[in-house]
Each structure stands twice: as structure tokens, then as C-alpha cells.
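Chemist: Quick one: the structure is below, and I'll ask about it shortly.
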Amino acid sequence: MINEQVTKLKGVGEKTAQQLHALNIYTIEDLLFYFPSRYNIYEMKPLQNFNHGDQVIVVGKVVYPPSLTFFRKRQSRLSFTIAVENIAIRAVIFNRAFAKKHIMPGEIMTLTGKWDARRLQVTVHTYKKGYPAKQSNIQPIYPLNKHMTNNRLKTLIKKAFEQYGQNIEELFPERYLTAYKLPYRYDALKTMHQPENKIALKHARRRFTYEELLIFQLKIQTLRRQKRESMPGYSHQYAADQVNKFINHLPFSLTKAQREALKEILFDMKSPYQMNRLLQGDVGSGKTAVAAICLYAAVTAGKQGAFMVPTEILAEQHYHSLKALFKGFANIVLLTGSITGNQRKEILAAISNEEADIVIGTHALIQDNVDFSNLGFVIVDEQHRFGVRQRRALRQKGLHPDVLFMTATPIPRTLAITSFGDMDISVIDEMPEGRKDIKTYWVKANTFQRVLRFIEKRIQKGEQAYIISPLIEESDQLDIQNAVNLYTELKQFYNDDIKIGLLHGRLRAEEKENVMKQFADNNIHILVSTTVVEVGVNVPNATVMVIYDAERFGLAQLHQLRGRVGRGDKQSYCILIADPKTDVGKERMHIMRQTNNGFKLAEEDLKLRGPGDFFGKKQSGLPEFKVADLVADYRALEIARKDAIEIVKNNLLATDKSFYRLGKRLKEDHSLMETFD
């Protein structure tokens with residue numbers, strides 16, 4: 001059986017086994033499914049079509065006997081001339097002195113290697129006498145360590161095939177193989193290690209891409225089903241006529257994307273299962289309006305609603321804007337940590353006796369002395385700012401309330417499916433009419449004083465500005481303008497009429513709140529800040545966002561910072577100060593200038609940075625695949641997700657014999673992701 005230890009393979013003793021263990025290869029199956037990280041593809045084509053650095057196949061006649069030289073410690077260089085298409089080219093073989101006796105003048109030789117167009121030279125990887133049997137040669141290159149060579153690993157994998165290949169089981173029903181034109185698992189596995197040609201390799205890779213993604217999606221969908229069945233929810237029998245009346249009284253019309261997201265959420269609210277949905281949309285796309293309608297729907301169904309946000313300032317802003325919307329419809333209260341004394345007691349009493357229909361607040365909502373009478377619907381804004389325990393504590397305040405998470409961070413669909421795979425996802429991907437685009441400029445650091453003069457003109461018109469720096473204090477290792485230095489420099493540059501504030505992560509919570517309140521009240525004209533300002537503040541009067549050393553930020557973070565302005569009816573500006581040294585850094589600046597669409601930027605960011613780095617650090621639960629690529633294989637991911645939903649919904653793993661091996665594989669695979677929360 002292929003789950004036996006590698007020591008069962010002929011020729012693998014304890015020493016070799018230890019070397020394989022260092023590569024995380026413990027069983028025969030591990031060895032068979034240890035895939036190459038890349039392939040060197042050598043193609044036979046006319047000499048004139050060779051490009052510098054190509055991996056090539058060269059066929060020609062040896063002109064002179066080879067010469068052998070030695071250098072350094074026991075290193076050798078074997079050189080000879082070979083005539084190809086009546087052109088003399090040089091062939092070099094390193095550290096294989098024994099090859100000298102195999103290469104004779106007048107013989108036809110087939111060489112594979114790397115082409116150097118400047119020297120008319122091929123650095124030889126393999127050689128053989130005679131003409132090639134085929135027009136291309138594909139060599140798998142495996143991820144290795146210092147104890148294992150590529151050829152030795154290839155030999156061990158070949159032995160494993162010879163001894164255990166007959167035990168490789170097909171996982172998919174025949175109809176899947178036919179519908180998607182996939183090769184059988186045995187054939188695909190053999191091709192991954194011993195590819196005959198590029199087309200066969202492409203189909204083998206396609207097979208294992210789909211297999212990895214389907215198994216992963218089956219785990220997610222199975223987990224979702226288990227969670228859903230273990231946590232029955234409340235079916236909100238809301239009053240549709242009252243909800244429509246509330247929508248009609250709003251001072252704006254909903255966009256098509258808002259209506260679609262609302263439809264999906266209301267459908268979930270009527271279901272008997274607990275809702276677990278993520279609503280994502282760009283800054284200003286109208287997520288809060290959708291949230292307000294859903295909160296009111298819960299109220300008409302006889303339930304209380306809660307809206308939890310990360311900062312007191314944001315809670316107050318939501319409270320004041322929603323209080324105006326709910327006037328005459330629902331009783332709304334605010335609960336934050338700074339509300340104390342009799343006022344707090346009155347609010348807590350209103351929550352517990354159901355006098356309060358909707359509660360807006362910070363993490364104060366989850367404290368032990370907050371007792372909801374009938375909590376049925378919970379919204380968590382900027383959900384990544386809250387810990388798992390905090391989110392769980394709020395859910396436990398009600399009898400399995402429906403939960404809607406919201407984020408203004410546009411996440412590419414492929415990452416949303418994997419990172420938030422246990423959630424349903426709604427997307428608001430269009431902006432309300434009449435919203436002005438933020439004008440974005442990229443300038444060099446030596447123009448900073450011109451930027452400051454521009455800010456001064458905006459302040460003279462009654463507007464405000466942010467200036468963002470990546471660091472708090474000076475670093476010896478990084479030559480980056482920092483927030484403290486910027487603050488000092490601006491204090492010296494401007495006169496006392498322009499008030500400047502400083503905000504960073506090392507300030508105490510109450511200090512941060514105080515600075516932000518002064519800025520919101522226009523008592524501070526320019527706020528110098530680190531990225532703590534990224535989420536959770538709404539200052540419509542702020543029209544200029546300057547980001548210093550902008551090349552140090554990802555596109556998603558730059559877009560989030562840009563979203564702090566453009567919230568009023570005045571024209572707003574984002575100025576990126578950057579001197580990027582890399583092509584990727586320059587490309588980021590160009591992309592930021594070209595579009596204000598957060599979802600397009602997120603997709604570009606994913607391409608530039610890769611999925612593992614998209615969130616700024618390794619995302620907990622983000623899977624690592626052997627073959628699949630979350631950027632390139634997004635269509636396969638969509639198909640795998642659709643198939644997994646159908647398989648789990650219809651319980652095919654248990655009821656359909658053609659899915660028996662796939663179900664067995666899932667039961668044996670213990671590499672489930674962390675339980676989603």
C-alpha cells in the first residue's frame with residue numbers, strides 16, 4: 001500500500017529515509033506526490049531561433065577532441081566544438097571529467113543545456129550519442145536540500161512507481177473525467193514526473209489543480225454544513241411592506257449592487273439556519289445603508305439588532321447618521337466604553353427590557369453586564385479588527401443570531417473563497433451616482449515642499465489633509481521619512497495658524513480618540529499619522545491624502561488610505577510620494593493613478609504580491625497547494641467550489657458509489673484547516 005513508510009522501498013535505508021524526512025517525505029505516497037517545482041523544457045529548433053538563456057536541444061557533429069581543465073578544488077571544465085547547421089559552437093560540461101572518454105571527433109551528439117547567444121555556447125546538462133528520439137525534452141526540477149540531488153530523487157520516485165504504481169486509485173467518477181477531459185490519476189501522476197510532451201504535462205497539471213481545489217472545497221463545504229446543522233438560527237419573518245417603506249424614505253436610491261446584496265442577506269435572514277455572511281464593498285459603496293435596512297428588517301421581525309465597530313469615533317458617527325435614518329421607525333442607542341454612570345445604567349436597562357431596538361457600539365457590547373433581551377441580528381464592521389473571541393462573544397449574546405460581517409477591504413474573489421470559505425459572500429462593486437473620483441498623483445520626494453504649498457491652499461479654503469508615514473520613529477535600517485520627523489518638519493514649515501496633529505499606534509487609546517476627535521471637529525488641519533488611520537474614521541472635510549514612501553505599501557493598503565478622503569461633496573486628492581527602485585514598485589504607482597476601483601486594484605495586488613502576502617502577513621488558514629495557483633487557476637477554483645457545493649448538498653460522498661474513493665480520501669486526510677470562526 002502507498003501509505004507504507006519509505007523504508008519499504010528497495011534501496012531506501014535509514015540514512016536515505018532521514019534525508020527524505022527532511023523534505024517532509026515519510027511514506028510512499030508522500031514520495032509519489034512530491035511534485036516538481038518547475039520543469040526545464042528543451043526544444044529542438046533552428047539555431048537562428050535560439051534566444052539567450054533558452055533551454056535548448058543541440059544536435060551536431062563533434063569537430064575536435066574535448067579539452068579538460070581543472071580549477072579550484074576538484075572542479076573541472078570539459079570543452080569541445082560541435083558543428084550545428086554548418087556553424088561551430090562551443091559546448092561546456094562542468095564537473096564530469098569522465099565524459100571525455102565518451103565524446104569522440106566525428107560522432108553525432110545530442111546535447112541539452114542553456115544557450116549563451118553572446119559566446120555561441122551551450123552549457124550542457126545532458127548528452128547522448130546519436131540523434132534525439134523526440135523533438136523535445138522535459139526535465140522535472142524538484143525542491144531539494146543539500147542532502148538530496150535531483151537525479152537521486154527522480155530515481156527513487158521511478159522505483160516507487162515500479163513497486164507501488166498499481167495501488168494508485170482513481171478518485172473521480174468517470175463522468176467528471178469525461179466532462180472536464182481529465183486524465184486518469186495514475187497517468188497524470190506519471191506525467192508529472194516523466195512528461196512526454198508539454199500538452200500531456202498541461203493536462204496532468206490541470207488534473208491535479210482541480211483535484212487539490214475540489215478536495216479543499218469539499219472540506220470547507222462539509223465544515224459549513226456541520227456548523228450550520230449544529231447551530232440552528234432564527235427565521236426572521238420580517239414585514240416586507242414596512243421594510244419597503246423604510247427603503248423608500250431613504251434620502252437616496254439604492255444601486256443595483258446594493259439591491260442584489262440586500263436580496264441575498266434578506267433571503268438568509270428568512271432561512272432557519274444561522275447566517276454567516278461577509279459583505280464587502282469599497283469605501284463609499286453604501287454598505288452601511290444595506291446594513292441599516294437589514295437591521296430594520298430584524299426589528300420588524302420582533303428582534304433586536306447590534307452593530308459593532310472598532311472605534312468609539314466610528315460608533316458615534318454611525319449612531320448619529322443612523323439615528324436620523326431610523327427616526328420614526330426604530331429606537332437606537334449608543335454604547336461605548338466612555339459612557340458611564342447613570343447614562344450607562346439607563347442604556348443597559350433599555351437593552352435588557354427591549355426598549356432599545358438597535359444598539360451601536362464598540363467591544364463594550366460584549367461585556368458581561370450587557371444583556372440583550374432578544375438579540376437576533378448582529379453586524380460586525382471591519383471584522384478583521386476584532387479577535388475571534390470578541391466576535392464569538394457577541395454572537396453568544398443572542399440565541400444564534402444571524403451575523404453579517406462587513407469590510408471595506410476589497411478582496412479578490414479567489415482569496416475570498418479560500419480565506420472566508422465558510423462564509424457566504426455578498427459584494428457591492430459599484431459606486432452611487434454623483435460621487436467624485438479622487439484625483440491621484442505620483443510625485444518624487446524632492447517635490448515635497450510643492451505638495452505642502454498645495455495643502456496650504458486647500459486649508460485656506462477650509463479643507464483638511466492627512467499625511468501618512470510608514471514608521472513612527474527614525475530607523476537606522478530603513479531610510480524612510482517617519483511620522484515623528486514629519487510632524488516636526490511640518491510644525492517648522494507652517495505658521496501657527498495651521499494646526500498639526502500626530503497619530504500613531506503607540507499612543508494610548510484615549511489619546512488616539514482625542515486626536516481624531518479634534519481632527520473631526522476641524523481643530524486640527526493636518527493630521528500626520530501612521531496607518532492606524534486606515535480604517536474607522538469619517539471626516540468629510542478632509543480632501544487631501546498624502547502618502548509618504550508610498551512604494552512601501554501594497555495596493556490594497558494604499559487604496560484604503562486613499563478612501564479616507566473623498567467623503568464629502570468637494571473634489572479630493574491623493575498624492576503618492578515615492579521613489580521606487582523596483583519595477584513592481586513603479587507598477588504599483590501607475591496602477592494607483594489609473595483606477596479608483598478597489599476590486600480591480602485588489603486583483604492587480606494579488607498578481608503583483610501573490611496570495612501569501614496579500615494581507616501583509618501570512619493569512620491564517622490560507623492554504624498552500626502543491627500544484628494549484630490561486631491567481632492563475634481562479635476558474636478552476638470556481639468550478640471546484642460549484643461541484644463541492646453540489647456534492648455536499650446532495651450527500652453524494654455517502655450515497656453515490658462513484659464518489660466512494662473521494663469520500664475515503666477526505667476521511668483519511670487530517671490536514672483540515674483551522675476551524676473557521
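Naming works like this for the C-alpha cells: A, B, ... for the chains as they're shown, residue 1 at the start of each chain, ligands 1 onward in shown order.
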Could you write out, as a VMD selection string, all the residues of range 136-253 of chain A that DSSP marks as strand (DSSP E or B)?

Modeler: chain A and resid 136 to 141 232

Chemist: Grab the residues selected above and save them as a PDB file, in the first residue's frame with N, CA and C atoms.

Modeler:
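result03.pdb, written as the output of this step:
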```
ATOM      1  N   SER A 136      11.453  17.206 -28.283  1.00  0.00           N
ATOM      2  CA  SER A 136      11.552  17.998 -27.063  1.00  0.00           C
ATOM      3  C   SER A 136      11.965  17.110 -25.904  1.00  0.00           C
ATOM      4  N   ASN A 137      12.496  17.738 -24.883  1.00  0.00           N
ATOM      5  CA  ASN A 137      12.941  17.013 -23.708  1.00  0.00           C
ATOM      6  C   ASN A 137      12.541  17.839 -22.490  1.00  0.00           C
ATOM      7  N   ILE A 138      11.799  17.228 -21.574  1.00  0.00           N
ATOM      8  CA  ILE A 138      11.309  17.945 -20.406  1.00  0.00           C
ATOM      9  C   ILE A 138      11.894  17.304 -19.155  1.00  0.00           C
ATOM     10  N   GLN A 139      12.635  18.097 -18.408  1.00  0.00           N
ATOM     11  CA  GLN A 139      13.288  17.588 -17.202  1.00  0.00           C
ATOM     12  C   GLN A 139      12.643  18.198 -15.962  1.00  0.00           C
ATOM     13  N   PRO A 140      12.065  17.363 -15.094  1.00  0.00           N
ATOM     14  CA  PRO A 140      11.485  17.895 -13.851  1.00  0.00           C
ATOM     15  C   PRO A 140      12.575  18.337 -12.883  1.00  0.00           C
ATOM     16  N   ILE A 141      12.344  19.492 -12.233  1.00  0.00           N
ATOM     17  CA  ILE A 141      13.282  20.001 -11.226  1.00  0.00           C
ATOM     18  C   ILE A 141      12.526  20.050  -9.895  1.00  0.00           C
ATOM     19  N   PRO A 232     -28.641  25.885  14.646  1.00  0.00           N
ATOM     20  CA  PRO A 232     -29.862  26.384  14.016  1.00  0.00           C
ATOM     21  C   PRO A 232     -30.089  27.839  14.402  1.00  0.00           C
TER      22      PRO A 232
END
```

Chemist: When DSSP is applied to the backbone of this structure, which of range 91-285 of chain A are assigned helix (DSSP H, G or I)? Write them out as a ChimeraX atom specification.

Modeler: /A:97-102,150-167,174-180,185-193,198-230,240-249,256-270

Chemist: Write a file of the selected residues as a short mmCIF file (atom, residue, chain, number, x, y, z; two decimals), in the first residue's frame, keeping C-alpha atoms.

Modeler:
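Result file follows (result_39.cif):
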```
data_model
loop_
_atom_site.label_atom_id
_atom_site.label_comp_id
_atom_site.auth_asym_id
_atom_site.auth_seq_id
_atom_site.Cartn_x
_atom_site.Cartn_y
_atom_site.Cartn_z
CA ALA A 97 35.60 14.74 -16.29
CA PHE A 98 34.69 11.13 -17.08
CA ALA A 99 32.68 12.36 -20.12
CA LYS A 100 35.95 13.00 -22.02
CA LYS A 101 36.23 9.34 -22.99
CA HIS A 102 32.63 9.29 -24.28
CA ASN A 150 17.61 15.93 -8.36
CA ASN A 151 18.68 12.75 -10.17
CA ARG A 152 18.67 10.67 -6.99
CA LEU A 153 15.16 11.79 -6.11
CA LYS A 154 13.99 11.06 -9.67
CA THR A 155 15.42 7.54 -9.35
CA LEU A 156 13.62 6.94 -6.04
CA ILE A 157 10.30 8.19 -7.47
CA LYS A 158 10.74 5.91 -10.50
CA LYS A 159 11.34 2.94 -8.18
CA ALA A 160 8.23 3.85 -6.19
CA PHE A 161 6.19 3.79 -9.40
CA GLU A 162 7.56 0.38 -10.35
CA GLN A 163 6.79 -1.13 -6.93
CA TYR A 164 3.57 0.68 -5.96
CA GLY A 165 2.14 2.31 -9.07
CA GLN A 166 -0.64 -0.27 -9.34
CA ASN A 167 -2.00 0.92 -5.96
CA GLU A 174 -15.96 8.67 -14.77
CA ARG A 175 -18.42 11.45 -15.66
CA TYR A 176 -16.13 14.08 -14.12
CA LEU A 177 -13.15 12.82 -16.12
CA THR A 178 -15.23 12.90 -19.30
CA ALA A 179 -16.87 16.28 -18.64
CA TYR A 180 -13.60 18.06 -17.83
CA ARG A 185 -4.91 9.84 -11.75
CA TYR A 186 -2.22 7.20 -12.45
CA ASP A 187 -1.48 8.60 -15.92
CA ALA A 188 -1.44 12.20 -14.66
CA LEU A 189 0.90 11.30 -11.79
CA LYS A 190 3.32 9.53 -14.11
CA THR A 191 3.26 12.52 -16.47
CA MET A 192 4.04 14.95 -13.65
CA HIS A 193 7.29 13.05 -13.00
CA LYS A 198 4.11 19.90 -22.99
CA ILE A 199 0.48 19.09 -23.86
CA ALA A 200 0.42 15.96 -21.67
CA LEU A 201 2.08 17.92 -18.84
CA LYS A 202 -0.51 20.71 -19.16
CA HIS A 203 -3.39 18.21 -18.78
CA ALA A 204 -1.69 16.42 -15.87
CA ARG A 205 -1.22 19.71 -14.06
CA ARG A 206 -4.86 20.63 -14.82
CA ARG A 207 -5.95 17.33 -13.30
CA PHE A 208 -4.11 17.86 -10.01
CA THR A 209 -5.07 21.53 -9.83
CA TYR A 210 -8.73 20.54 -9.93
CA GLU A 211 -8.15 17.63 -7.50
CA GLU A 212 -6.46 19.88 -4.91
CA LEU A 213 -9.09 22.59 -5.21
CA LEU A 214 -12.04 20.18 -5.12
CA ILE A 215 -10.74 18.37 -2.00
CA PHE A 216 -10.13 21.72 -0.31
CA GLN A 217 -13.59 23.00 -1.22
CA LEU A 218 -15.19 19.74 -0.04
CA LYS A 219 -13.55 20.26 3.36
CA ILE A 220 -14.93 23.80 3.54
CA GLN A 221 -18.45 22.87 2.39
CA THR A 222 -18.54 19.88 4.78
CA LEU A 223 -17.46 22.13 7.64
CA ARG A 224 -20.08 24.72 6.69
CA ARG A 225 -22.76 22.05 6.69
CA GLN A 226 -21.67 20.73 10.08
CA LYS A 227 -21.64 24.24 11.57
CA ARG A 228 -25.00 25.08 10.04
CA GLU A 229 -26.65 21.90 11.32
CA SER A 230 -25.13 22.32 14.79
CA ALA A 240 -41.76 43.27 3.81
CA ASP A 241 -44.16 46.21 3.47
CA GLN A 242 -42.55 48.04 6.41
CA VAL A 243 -39.05 47.30 5.07
CA ASN A 244 -40.05 48.71 1.66
CA LYS A 245 -41.48 51.79 3.37
CA PHE A 246 -38.14 52.28 5.16
CA ILE A 247 -36.23 51.90 1.87
CA ASN A 248 -38.49 54.43 0.14
CA HIS A 249 -37.92 57.03 2.87
CA LYS A 256 -28.17 47.67 -8.46
CA ALA A 257 -25.29 46.10 -6.47
CA GLN A 258 -26.81 47.25 -3.17
CA ARG A 259 -30.20 45.76 -4.11
CA GLU A 260 -28.57 42.45 -5.06
CA ALA A 261 -26.60 42.26 -1.79
CA LEU A 262 -29.76 43.18 0.18
CA LYS A 263 -31.73 40.43 -1.56
CA GLU A 264 -29.09 37.83 -0.60
CA ILE A 265 -28.96 38.92 3.05
CA LEU A 266 -32.75 39.07 3.48
CA PHE A 267 -33.02 35.59 1.95
CA ASP A 268 -30.55 34.31 4.58
CA MET A 269 -32.49 36.05 7.36
CA LYS A 270 -35.65 34.14 6.46
#
```

Chemist: In Å, rounded to a single decimal, give me how far CA of His147 in chain A is from CA of Phe94 in chain A.

Modeler: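 Here the two named atoms are 20.2 Å from each other.
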
Chemist: Given only C-alpha atoms as the basis, pick out the residue of A:Ile347, A:Leu23, A:Val124, A:Ala556 nearest to Thr409 in chain A.

Modeler: A:Ala556

Chemist: Excluding range 547-554 of chain A and residues on its chain fewer than 2 positions from it, collect all residues at most 6 Å away from it, counting only C-alpha atoms, and give them as a PyMOL selection string.

Modeler: chain A and resi 467-469+556-557+576-578+580+585

Chemist: Which is closer to Phe599 in chain A than all the others in A:Ile428, A:Ile379, A:Gly663, A:Val584, using only C-alpha atoms?

Modeler: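 Looking at the shortest contact to Phe599 in chain A, the residue is A:Ile428.
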
Chemist: With only C-alpha atoms as the basis for distance, which of A:Leu608, A:Leu325, A:Ile438, A:Val484 is at the shortest distance from Gly568 in chain A?

Modeler: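 The closest residue to Gly568 in chain A is A:Ile438.
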
Chemist: Leaving out Lys8 in chain A and any residue of its chain fewer than 3 positions from it, which residues lie within 10 Å of it when counting only C-alpha atoms, given as a list in words?

Modeler: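 In the requested format, the answer is Ile2, Glu4, Gln5, Gly11, Val12, Gly13, Ala17, Thr27, Ile28, Ala160 and Gln163 of chain A.
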
Chemist: How about saving the chosen residues, N, CA and C atoms kept, as a PDB file, in the first residue's frame?

Modeler:
```
ATOM      1  N   ILE A   2       0.372   2.321  -0.636  1.00  0.00           N
ATOM      2  CA  ILE A   2       1.217   3.507  -0.781  1.00  0.00           C
ATOM      3  C   ILE A   2       1.332   4.322   0.519  1.00  0.00           C
ATOM      4  N   GLU A   4       2.580   3.057   3.173  1.00  0.00           N
ATOM      5  CA  GLU A   4       3.679   2.443   3.922  1.00  0.00           C
ATOM      6  C   GLU A   4       4.862   3.404   4.014  1.00  0.00           C
ATOM      7  N   GLN A   5       5.738   3.168   5.003  1.00  0.00           N
ATOM      8  CA  GLN A   5       6.912   4.011   5.191  1.00  0.00           C
ATOM      9  C   GLN A   5       7.879   3.869   4.011  1.00  0.00           C
ATOM     10  N   GLY A  11      16.179  -0.244  -1.606  1.00  0.00           N
ATOM     11  CA  GLY A  11      17.293   0.693  -1.696  1.00  0.00           C
ATOM     12  C   GLY A  11      17.204   1.870  -0.756  1.00  0.00           C
ATOM     13  N   VAL A  12      16.134   1.952   0.037  1.00  0.00           N
ATOM     14  CA  VAL A  12      15.992   3.075   0.981  1.00  0.00           C
ATOM     15  C   VAL A  12      16.257   2.565   2.397  1.00  0.00           C
ATOM     16  N   GLY A  13      17.440   2.926   2.912  1.00  0.00           N
ATOM     17  CA  GLY A  13      17.777   2.571   4.280  1.00  0.00           C
ATOM     18  C   GLY A  13      17.463   3.725   5.221  1.00  0.00           C
ATOM     19  N   ALA A  17      16.203   7.472   4.331  1.00  0.00           N
ATOM     20  CA  ALA A  17      14.894   7.830   4.895  1.00  0.00           C
ATOM     21  C   ALA A  17      14.979   9.151   5.652  1.00  0.00           C
ATOM     22  N   THR A  27       6.147   8.683   3.675  1.00  0.00           N
ATOM     23  CA  THR A  27       5.504   7.483   3.135  1.00  0.00           C
ATOM     24  C   THR A  27       5.748   7.389   1.630  1.00  0.00           C
ATOM     25  N   ILE A  28       5.399   6.227   1.084  1.00  0.00           N
ATOM     26  CA  ILE A  28       5.491   6.032  -0.370  1.00  0.00           C
ATOM     27  C   ILE A  28       4.599   7.055  -1.079  1.00  0.00           C
ATOM     28  N   ALA A 160       9.520   3.879  -6.879  1.00  0.00           N
ATOM     29  CA  ALA A 160       8.229   3.847  -6.189  1.00  0.00           C
ATOM     30  C   ALA A 160       7.105   3.538  -7.177  1.00  0.00           C
ATOM     31  N   GLN A 163       7.228  -0.256  -8.016  1.00  0.00           N
ATOM     32  CA  GLN A 163       6.787  -1.133  -6.934  1.00  0.00           C
ATOM     33  C   GLN A 163       5.329  -0.917  -6.528  1.00  0.00           C
TER      34      GLN A 163
END
```

Chemist: Residues near Ile108 in chain A, anyone? I mean within 9 Å using only C-alpha atoms, not counting same-chain ones fewer than 6 positions away, as a list of chain:residue names.

Modeler: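 Final neighbour list, sorted by chain and number: A:Val59, A:Gly60, A:Lys61, A:Val62, A:Ile82, A:Lys128, A:Lys129, A:Gly130, A:Tyr131.
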
Chemist: Print the selection's residues with N, CA and C atoms to a file, as a PDB file, in the first residue's frame.

Modeler:
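That gives us out_37.pdb:
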```
ATOM      1  N   VAL A  59      21.885  19.388 -31.775  1.00  0.00           N
ATOM      2  CA  VAL A  59      22.319  18.148 -32.425  1.00  0.00           C
ATOM      3  C   VAL A  59      23.390  18.497 -33.455  1.00  0.00           C
ATOM      4  N   GLY A  60      24.552  17.880 -33.348  1.00  0.00           N
ATOM      5  CA  GLY A  60      25.613  18.184 -34.308  1.00  0.00           C
ATOM      6  C   GLY A  60      26.760  17.197 -34.220  1.00  0.00           C
ATOM      7  N   LYS A  61      27.783  17.453 -35.066  1.00  0.00           N
ATOM      8  CA  LYS A  61      28.946  16.561 -35.143  1.00  0.00           C
ATOM      9  C   LYS A  61      30.112  17.165 -34.359  1.00  0.00           C
ATOM     10  N   VAL A  62      30.759  16.321 -33.542  1.00  0.00           N
ATOM     11  CA  VAL A  62      31.921  16.766 -32.770  1.00  0.00           C
ATOM     12  C   VAL A  62      33.071  17.025 -33.734  1.00  0.00           C
ATOM     13  N   ILE A  82      31.331  21.646 -31.555  1.00  0.00           N
ATOM     14  CA  ILE A  82      30.371  20.816 -32.263  1.00  0.00           C
ATOM     15  C   ILE A  82      29.792  21.645 -33.412  1.00  0.00           C
ATOM     16  N   LYS A 128      24.085  12.659 -25.125  1.00  0.00           N
ATOM     17  CA  LYS A 128      23.971  11.261 -25.561  1.00  0.00           C
ATOM     18  C   LYS A 128      24.445  11.175 -27.003  1.00  0.00           C
ATOM     19  N   LYS A 129      24.912  10.007 -27.390  1.00  0.00           N
ATOM     20  CA  LYS A 129      25.355   9.793 -28.768  1.00  0.00           C
ATOM     21  C   LYS A 129      24.151   9.587 -29.673  1.00  0.00           C
ATOM     22  N   GLY A 130      24.266  10.052 -30.921  1.00  0.00           N
ATOM     23  CA  GLY A 130      23.219   9.830 -31.903  1.00  0.00           C
ATOM     24  C   GLY A 130      22.185  10.946 -31.918  1.00  0.00           C
ATOM     25  N   TYR A 131      21.161  10.727 -32.745  1.00  0.00           N
ATOM     26  CA  TYR A 131      20.094  11.715 -32.905  1.00  0.00           C
ATOM     27  C   TYR A 131      19.034  11.551 -31.807  1.00  0.00           C
TER      28      TYR A 131
END
```

Chemist: Please identify all polymer residues within 9 Å of Arg567 in chain A, counting only C-alpha atoms, omitting same-chain residues fewer than 4 positions from it, and present them as a ChimeraX atom specification.

Modeler: /A:283-284,435,538-543,563,572

Chemist: Can you tell me which residues surround Tyr494 in chain A at a distance of at most 12 Å, considering only C-alpha atoms, apart from same-chain residues fewer than 2 positions away, and format the answer as a VMD selection string?

Modeler: chain A and resid 449 452 to 453 455 to 457 459 487 to 492 496 to 500 525 to 526

Chemist: Just checking: using only C-alpha atoms, which residue out of A:His320, A:Lys517, A:Lys461, A:Ala416 ends up closest to Leu637 in chain A?

Modeler: A:Ala416

Chemist: Can you work out the spacing between CA of Cys574 in chain A and CA of Tyr466 in chain A in Å, to one decimal?

Modeler: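 Straight-line distance from CA of Cys574 in chain A to CA of Tyr466 in chain A works out to 9.5 Å.
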